[in-house]
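Peer 1: So here's entry-v1.txt, just compact mmCIF, C-alpha atoms (C1' of nucleotides):
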```
# COMPACT_ATOMS: atom_id res chain seq x y z
CA MET A 7 77.02 197.99 -0.91
CA LEU A 8 78.41 199.27 2.35
CA THR A 9 82.11 200.03 2.82
CA LYS A 10 84.30 198.07 5.21
CA THR A 11 84.08 201.00 7.63
CA GLN A 12 80.27 201.06 7.51
CA ILE A 13 80.14 197.31 8.04
CA ARG A 14 82.48 197.72 11.00
CA ARG A 15 80.15 200.29 12.53
CA ALA A 16 77.10 198.12 11.90
CA LEU A 17 78.71 195.10 13.58
CA ASP A 18 79.76 197.22 16.56
CA GLN A 19 76.18 198.45 16.96
CA MET A 20 74.88 194.87 16.84
CA GLY A 21 77.41 194.02 19.54
CA GLU A 22 76.03 196.79 21.73
CA LEU A 23 72.46 195.63 21.19
CA PHE A 24 73.32 191.97 21.81
CA PRO A 25 76.55 191.65 23.81
CA GLU A 26 75.45 188.20 24.92
CA ALA A 27 74.99 186.77 21.42
CA HIS A 28 75.80 183.07 21.41
CA CYS A 29 74.69 179.68 20.12
CA GLU A 30 71.20 179.08 21.54
CA LEU A 31 71.04 175.40 20.63
CA VAL A 32 71.44 173.53 23.92
CA HIS A 33 74.20 170.89 23.71
CA GLU A 34 76.95 169.38 25.85
CA ASN A 35 79.33 168.01 23.22
CA PRO A 36 80.05 168.10 19.45
CA PHE A 37 77.85 165.08 18.78
CA GLU A 38 74.82 166.70 20.41
CA LEU A 39 75.53 169.89 18.51
CA VAL A 40 75.56 168.11 15.14
CA ILE A 41 72.22 166.51 15.94
CA ALA A 42 70.71 169.78 17.20
CA VAL A 43 71.82 171.82 14.18
CA ALA A 44 70.66 169.12 11.76
CA LEU A 45 67.26 169.20 13.48
CA SER A 46 67.10 172.99 13.34
CA ALA A 47 66.50 173.29 9.59
CA GLN A 48 63.37 175.41 8.97
CA CYS A 49 62.49 175.34 12.65
CA THR A 50 63.13 177.63 15.62
CA ASP A 51 65.91 176.99 18.16
CA ALA A 52 63.34 177.08 20.97
CA LEU A 53 61.45 174.20 19.37
CA VAL A 54 64.65 172.18 18.83
CA ASN A 55 65.64 172.67 22.49
CA ARG A 56 62.23 171.49 23.63
CA VAL A 57 62.75 168.25 21.69
CA THR A 58 66.43 167.67 22.47
CA LYS A 59 65.84 168.01 26.20
CA ASN A 60 64.25 164.57 26.12
CA LEU A 61 66.13 163.30 23.05
CA PHE A 62 69.59 163.76 24.56
CA GLN A 63 68.57 161.90 27.70
CA LYS A 64 67.36 158.95 25.67
CA TYR A 65 70.13 158.90 23.03
CA LYS A 66 73.72 159.43 24.17
CA THR A 67 75.74 157.80 21.38
CA PRO A 68 75.44 157.03 17.65
CA GLU A 69 74.71 153.43 18.62
CA ASP A 70 71.70 154.56 20.63
CA TYR A 71 70.06 156.15 17.58
CA LEU A 72 70.59 152.95 15.60
CA ALA A 73 69.13 150.77 18.35
CA VAL A 74 65.52 151.90 17.86
CA THR A 75 63.20 151.68 14.87
CA LEU A 76 62.98 154.55 12.41
CA GLU A 77 59.35 155.03 13.44
CA GLU A 78 60.29 155.47 17.08
CA LEU A 79 62.89 158.11 16.26
CA GLN A 80 60.36 159.87 14.02
CA GLU A 81 57.92 160.10 16.91
CA ASP A 82 60.64 161.43 19.20
CA ILE A 83 61.26 164.41 16.89
CA ARG A 84 57.86 164.78 15.23
CA SER A 85 56.99 168.16 16.73
CA ILE A 86 59.82 169.99 14.94
CA GLY A 87 58.49 169.22 11.45
CA LEU A 88 60.26 167.68 8.42
CA TYR A 89 60.61 164.76 10.80
CA ARG A 90 60.76 161.93 8.26
CA ASN A 91 63.77 163.39 6.44
CA LYS A 92 65.45 164.39 9.69
CA ALA A 93 64.99 160.99 11.34
CA LYS A 94 66.41 159.22 8.30
CA ASN A 95 69.33 161.66 8.12
CA ILE A 96 70.19 161.19 11.79
CA ARG A 97 70.25 157.42 11.46
CA ASN A 98 72.43 157.52 8.34
CA LEU A 99 74.63 160.17 9.94
CA CYS A 100 75.19 157.96 12.99
CA ALA A 101 75.94 154.94 10.82
CA LEU A 102 78.50 156.91 8.83
CA LEU A 103 80.10 158.31 11.98
CA LEU A 104 80.63 154.76 13.22
CA GLU A 105 81.87 153.43 9.87
CA GLU A 106 84.18 156.20 8.77
CA TYR A 107 84.97 158.39 11.76
CA ASN A 108 85.38 156.00 14.69
CA GLY A 109 82.11 157.29 16.13
CA GLU A 110 83.45 160.82 16.57
CA VAL A 111 82.45 164.10 14.94
CA PRO A 112 85.14 165.21 12.43
CA LYS A 113 86.61 168.67 13.01
CA ASP A 114 86.96 169.45 9.32
CA ARG A 115 84.16 171.18 7.41
CA ASP A 116 84.78 169.23 4.21
CA GLU A 117 84.39 166.00 6.17
CA LEU A 118 81.31 167.27 8.03
CA VAL A 119 79.40 168.03 4.83
CA LYS A 120 79.73 164.39 3.84
CA LEU A 121 77.38 163.52 6.70
CA PRO A 122 73.70 163.09 5.74
CA GLY A 123 71.65 166.15 6.67
CA VAL A 124 74.76 168.27 7.13
CA GLY A 125 75.26 171.01 4.54
CA ARG A 126 77.68 173.91 4.47
CA LYS A 127 75.72 176.02 6.94
CA THR A 128 75.43 173.25 9.54
CA ALA A 129 79.10 172.32 9.09
CA ASN A 130 80.12 175.94 9.66
CA VAL A 131 78.13 176.07 12.90
CA VAL A 132 79.78 172.89 14.16
CA VAL A 133 83.39 173.85 13.39
CA SER A 134 82.82 177.31 14.80
CA VAL A 135 80.85 176.53 17.97
CA ALA A 136 82.16 173.07 18.87
CA PHE A 137 85.78 173.39 17.76
CA GLY A 138 86.54 177.12 17.82
CA ILE A 139 87.53 177.23 14.16
CA PRO A 140 86.66 180.59 12.52
CA ALA A 141 83.63 180.32 10.21
CA ILE A 142 80.54 182.27 9.21
CA ALA A 143 77.41 180.15 8.96
CA VAL A 144 75.00 181.94 6.66
CA ASP A 145 71.51 181.02 7.82
CA THR A 146 68.23 182.78 7.09
CA HIS A 147 69.00 185.59 9.58
CA VAL A 148 72.55 186.29 8.40
CA GLU A 149 71.37 186.30 4.80
CA ARG A 150 68.44 188.63 5.48
CA VAL A 151 70.45 191.08 7.58
CA SER A 152 73.31 191.11 5.06
CA LYS A 153 70.95 191.91 2.21
CA ARG A 154 68.79 194.46 4.02
CA LEU A 155 71.77 196.44 5.34
CA GLY A 156 73.80 196.11 2.17
CA PHE A 157 76.68 193.94 3.36
CA CYS A 158 76.25 192.14 0.03
CA ARG A 159 74.12 192.24 -3.13
CA TRP A 160 70.45 191.25 -3.18
CA LYS A 161 71.03 188.56 -5.78
CA ASP A 162 73.91 186.88 -3.95
CA SER A 163 73.63 183.18 -3.12
CA VAL A 164 74.28 182.14 0.48
CA LEU A 165 77.76 181.01 -0.57
CA GLU A 166 78.46 184.41 -2.12
CA VAL A 167 77.19 186.09 1.05
CA GLU A 168 79.58 183.97 3.11
CA LYS A 169 82.54 184.76 0.84
CA THR A 170 81.78 188.49 0.91
CA LEU A 171 81.54 188.55 4.70
CA MET A 172 84.79 186.60 5.06
CA LYS A 173 86.51 189.04 2.73
CA LYS A 174 85.33 192.11 4.64
CA ILE A 175 85.74 190.83 8.20
CA PRO A 176 88.96 189.61 9.92
CA ALA A 177 88.95 185.85 10.54
CA GLU A 178 89.33 186.20 14.30
CA GLU A 179 85.93 188.01 14.35
CA TRP A 180 83.98 185.59 12.15
CA SER A 181 82.41 183.54 14.93
CA ASP A 182 81.40 186.53 17.06
CA THR A 183 80.09 188.36 14.02
CA HIS A 184 77.94 185.47 12.92
CA HIS A 185 76.28 185.23 16.36
CA ARG A 186 75.71 188.96 16.52
CA MET A 187 74.07 188.93 13.11
CA ILE A 188 71.86 186.02 14.10
CA PHE A 189 70.67 187.74 17.29
CA PHE A 190 70.19 191.01 15.43
CA GLY A 191 68.15 189.22 12.75
CA ARG A 192 66.19 187.07 15.18
CA TYR A 193 65.22 189.72 17.73
CA HIS A 194 65.54 193.09 15.98
CA CYS A 195 65.80 192.97 12.18
CA LYS A 196 63.06 190.32 12.09
CA ALA A 197 61.65 188.89 8.89
CA GLN A 198 58.04 189.88 9.52
CA ALA A 199 58.04 192.95 11.79
CA PRO A 200 61.52 194.51 11.77
CA LYS A 201 62.09 197.23 14.37
CA CYS A 202 63.21 199.88 11.92
CA GLY A 203 61.58 202.58 14.06
CA GLU A 204 64.08 202.01 16.86
CA CYS A 205 67.06 200.87 14.82
CA PRO A 206 70.48 202.50 15.37
CA LEU A 207 71.44 201.46 11.85
CA PHE A 208 68.51 203.10 10.10
CA ASP A 209 70.66 205.81 8.47
CA LEU A 210 72.84 203.35 6.59
CA CYS A 211 70.13 200.77 5.82
CA ARG A 212 68.66 200.70 2.34
CA GLU A 213 65.77 198.51 3.45
CA GLY A 214 64.88 200.95 6.24
CA SER A 215 64.50 203.92 3.92
CA LYS A 216 62.49 201.77 1.51
CA ARG A 217 60.10 200.85 4.31
CA MET A 218 59.92 204.44 5.42
CA LYS A 219 58.64 205.53 1.98
CA LYS A 220 56.05 202.78 2.02
CA GLY A 221 54.89 203.88 5.47
CA LEU A 222 55.60 200.45 6.92
CA ILE A 223 57.68 201.51 9.89
CA GLN A 224 56.31 201.00 13.38
CA TYR A 225 57.70 203.37 16.01
CA ALA A 226 57.86 201.69 19.41
CA LYS A 227 57.15 203.89 22.49
C1' DC B 3 63.62 174.10 -8.86
C1' DT B 4 60.56 171.25 -5.53
C1' DC B 5 59.71 168.71 -1.55
C1' DC B 6 59.83 167.94 3.28
C1' DC B 7 56.32 169.72 7.77
C1' DG B 8 54.82 171.10 12.70
C1' DA B 9 54.64 175.23 15.72
C1' DT B 10 54.28 179.98 16.21
C1' DA B 11 53.96 185.00 15.04
C1' DT B 12 51.76 188.26 12.32
C1' DA C 11 44.90 182.86 6.46
C1' DT C 12 49.69 183.37 5.57
C1' DA C 13 54.70 183.86 6.58
C1' DT C 14 58.51 182.17 8.86
C1' DC C 15 61.66 179.21 11.34
C1' DA C 16 70.00 178.55 12.73
C1' DG C 17 68.35 173.95 5.43
C1' DG C 18 69.38 169.94 2.88
C1' DA C 19 68.61 166.52 -0.70
C1' DG C 20 67.05 164.92 -5.14
```
As a first step, turn the structure in this file into structure tokens.
Peer 2:
Amino acid sequence: MLTKTQIRRALDQMGELFPEAHCELVHENPFELVIAVALSAQCTDALVNRVTKNLFQKYKTPEDYLAVTLEELQEDIRSIGLYRNKAKNIRNLCALLLEEYNGEVPKDRDELVKLPGVGRKTANVVVSVAFGIPAIAVDTHVERVSKRLGFCRWKDSVLEVEKTLMKKIPAEEWSDTHHRMIFFGRYHCKAQAPKCGECPLFDLCREGSKRMKKGLIQYAK
DNA sequence: CTCCCGATAT
DNA sequence: ATATCAGGAG
């Protein structure tokens, strides 16, 4: 496990590598963001954006999603995968928004997770990105980076990872940190071919030295 | 724990 | 051919 100081240095390095780190899901309001994040489960942001470009022109309000058949909505999102579950979730989410929340996206995480298809990770993205409330959404990238670098323990659940990060990082930096870690994980510390050979954090990374011994490291240029 | 699932990188 | 993708529900 890294110390607070080592974590600080690691996050600063990520900030230098990706100063422009931000939410890459295209959206214009909290409602669109909820839909986009719910669609993004086990699917790339690029693919979600390709679908929502048309989706958000066709469906502007919760009522719009309820006005078509389930089959039509399925076809509109088919290319992102898991489309039957996601279409059903979106419809039920819209119905619940209209019934319980006056058609508006709640700003509270505990209310957000009551929406179908919205778990803790999605709720954290929404409160953080749409409403500016400090949160750390632990997705596949944040979890992988945290475990490889040693921000947390290998056996930690995603909830434990989130708690550990919140304990070691000041609240005002949670949102920035989470985007930096996502960019770092998505473009540098990738799941399949991590760029350990050109990584400024190699010296403090336990996964890097492990890969070095196994001869797995690719040195770019 | 399993299932949902198409697109893309490796 | 297989692994992975801003996970969530049963």
Peer 1: Return as a list in words the residues belonging to chain B that are within 10 Å of chain A, counting only C-alpha atoms (C1' of nucleotides).
Peer 2: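 Putting it all together, I get DC6, DC7, DG8, DA9, DT10, DA11 and DT12 of chain B.
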Peer 1: With C-alpha atoms (C1' of nucleotides) retained, export the selected residues as a PDB file, keeping the file's coordinate frame.
Peer 2:
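The result, stored in result16.pdb:
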```pdb
ATOM      1  C1'  DC B   6      59.830 167.940   3.280  1.00  0.00           C
ATOM      2  C1'  DC B   7      56.320 169.720   7.770  1.00  0.00           C
ATOM      3  C1'  DG B   8      54.820 171.100  12.700  1.00  0.00           C
ATOM      4  C1'  DA B   9      54.640 175.230  15.720  1.00  0.00           C
ATOM      5  C1'  DT B  10      54.280 179.980  16.210  1.00  0.00           C
ATOM      6  C1'  DA B  11      53.960 185.000  15.040  1.00  0.00           C
ATOM      7  C1'  DT B  12      51.760 188.260  12.320  1.00  0.00           C
TER       8       DT B  12
END
```
Peer 1: Can you tell me which residues surround range 18-20 of chain C at a distance of at most 10 Å, considering all atoms listed in the file, apart from same-chain residues fewer than 2 positions away, and format the answer as a list of chain:residue names?
Peer 2: A:Ala44, A:Ala47, A:Asn91, A:Lys92, A:Asn95, A:Pro122, A:Gly123, A:Val124, A:Gly125, A:Arg126, A:Lys127, A:Thr128, B:DT4, B:DC5, B:DC6
Peer 1: Report as a list in words all protein, DNA and RNA residues lying within 7 Å of Ile223 in chain A, evaluated on only C-alpha atoms (C1' of nucleotides), omitting residues in the same chain fewer than 3 positions from it.
Peer 2: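 Close residues of Ile223 in chain A: Cys202, Gly203, Arg217 and Met218 of chain A.
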Peer 1: Could you list, as JSON, numbers by chain, the residues of chain C having an atom within 6 Å of chain A when counting all atoms listed in the file?
Peer 2: {"C": [15, 16, 17, 18]}
Peer 1: At what distance in Å, to one decimal, does CA of Phe37 in chain A lie from CA of Ser181 in chain A?
Peer 2: 19.4 Å
Peer 1: To one decimal in Å, tell me the separation between CA of Glu26 in chain A and CA of Lys153 in chain A.
Peer 2: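 Computing the Euclidean distance for CA of Glu26 in chain A and CA of Lys153 in chain A yields 23.4 Å.
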Peer 1: Do you have the CA of Ala101 in chain A-CA of Glu69 in chain A distance handy?
Peer 2: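 About the pair CA of Ala101 in chain A and CA of Glu69 in chain A: they are 8.0 Å apart.
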Peer 1: Can you pull out the residues contacting Ile13 in chain A? Cut-off 9 Å, using all atoms listed in the file, and skip same-chain residues under 6 positions away; I want them as a list in words.
Peer 2: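 The contact residues come out as Leu155, Gly156, Phe157, Lys174 and Ile175 of chain A.
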Peer 1: Could you give me, as a PDB file with C-alpha atoms, in the frame of the given file, the residues within 12 Å of Ser134 in chain A, counting all atoms listed in the file and dropping anything in the same chain fewer than 6 positions from it?
Peer 2:
```pdb
ATOM      1  CA  HIS A  28      75.800 183.070  21.410  1.00  0.00           C
ATOM      2  CA  CYS A  29      74.690 179.680  20.120  1.00  0.00           C
ATOM      3  CA  PRO A  36      80.050 168.100  19.450  1.00  0.00           C
ATOM      4  CA  LEU A  39      75.530 169.890  18.510  1.00  0.00           C
ATOM      5  CA  VAL A  40      75.560 168.110  15.140  1.00  0.00           C
ATOM      6  CA  LYS A 113      86.610 168.670  13.010  1.00  0.00           C
ATOM      7  CA  ASP A 114      86.960 169.450   9.320  1.00  0.00           C
ATOM      8  CA  ARG A 115      84.160 171.180   7.410  1.00  0.00           C
ATOM      9  CA  LYS A 127      75.720 176.020   6.940  1.00  0.00           C
ATOM     10  CA  THR A 128      75.430 173.250   9.540  1.00  0.00           C
ATOM     11  CA  PRO A 140      86.660 180.590  12.520  1.00  0.00           C
ATOM     12  CA  ALA A 141      83.630 180.320  10.210  1.00  0.00           C
ATOM     13  CA  ILE A 142      80.540 182.270   9.210  1.00  0.00           C
ATOM     14  CA  ALA A 143      77.410 180.150   8.960  1.00  0.00           C
ATOM     15  CA  ALA A 177      88.950 185.850  10.540  1.00  0.00           C
ATOM     16  CA  GLU A 178      89.330 186.200  14.300  1.00  0.00           C
ATOM     17  CA  GLU A 179      85.930 188.010  14.350  1.00  0.00           C
ATOM     18  CA  TRP A 180      83.980 185.590  12.150  1.00  0.00           C
ATOM     19  CA  SER A 181      82.410 183.540  14.930  1.00  0.00           C
ATOM     20  CA  ASP A 182      81.400 186.530  17.060  1.00  0.00           C
ATOM     21  CA  THR A 183      80.090 188.360  14.020  1.00  0.00           C
ATOM     22  CA  HIS A 184      77.940 185.470  12.920  1.00  0.00           C
ATOM     23  CA  HIS A 185      76.280 185.230  16.360  1.00  0.00           C
TER      24      HIS A 185
END
```
Peer 1: Would you please work out which residue, of A:Pro200, A:Tyr193, A:Ser152, A:Asn130, is nearest to Ala16 in chain A when using only C-alpha atoms?
Peer 2: A:Ser152
Peer 1: Find the spatial neighbours of Arg97 in chain A, counting all atoms listed in the file, within a cut-off of 12 Å - ignore same-chain residues fewer than 5 positions away - and output them as a list in words.
Peer 2: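 Listed by chain and then number, they are Ile41, Ala44, Tyr65, Thr67, Pro68, Glu69, Asp70, Tyr71, Leu72, Ala73, Val74, Thr75, Leu76, Glu77, Glu78, Leu79, Gln80, Arg90, Asn91, Lys92, Leu102, Leu103, Leu104, Leu121, Pro122 and Gly123 of chain A.
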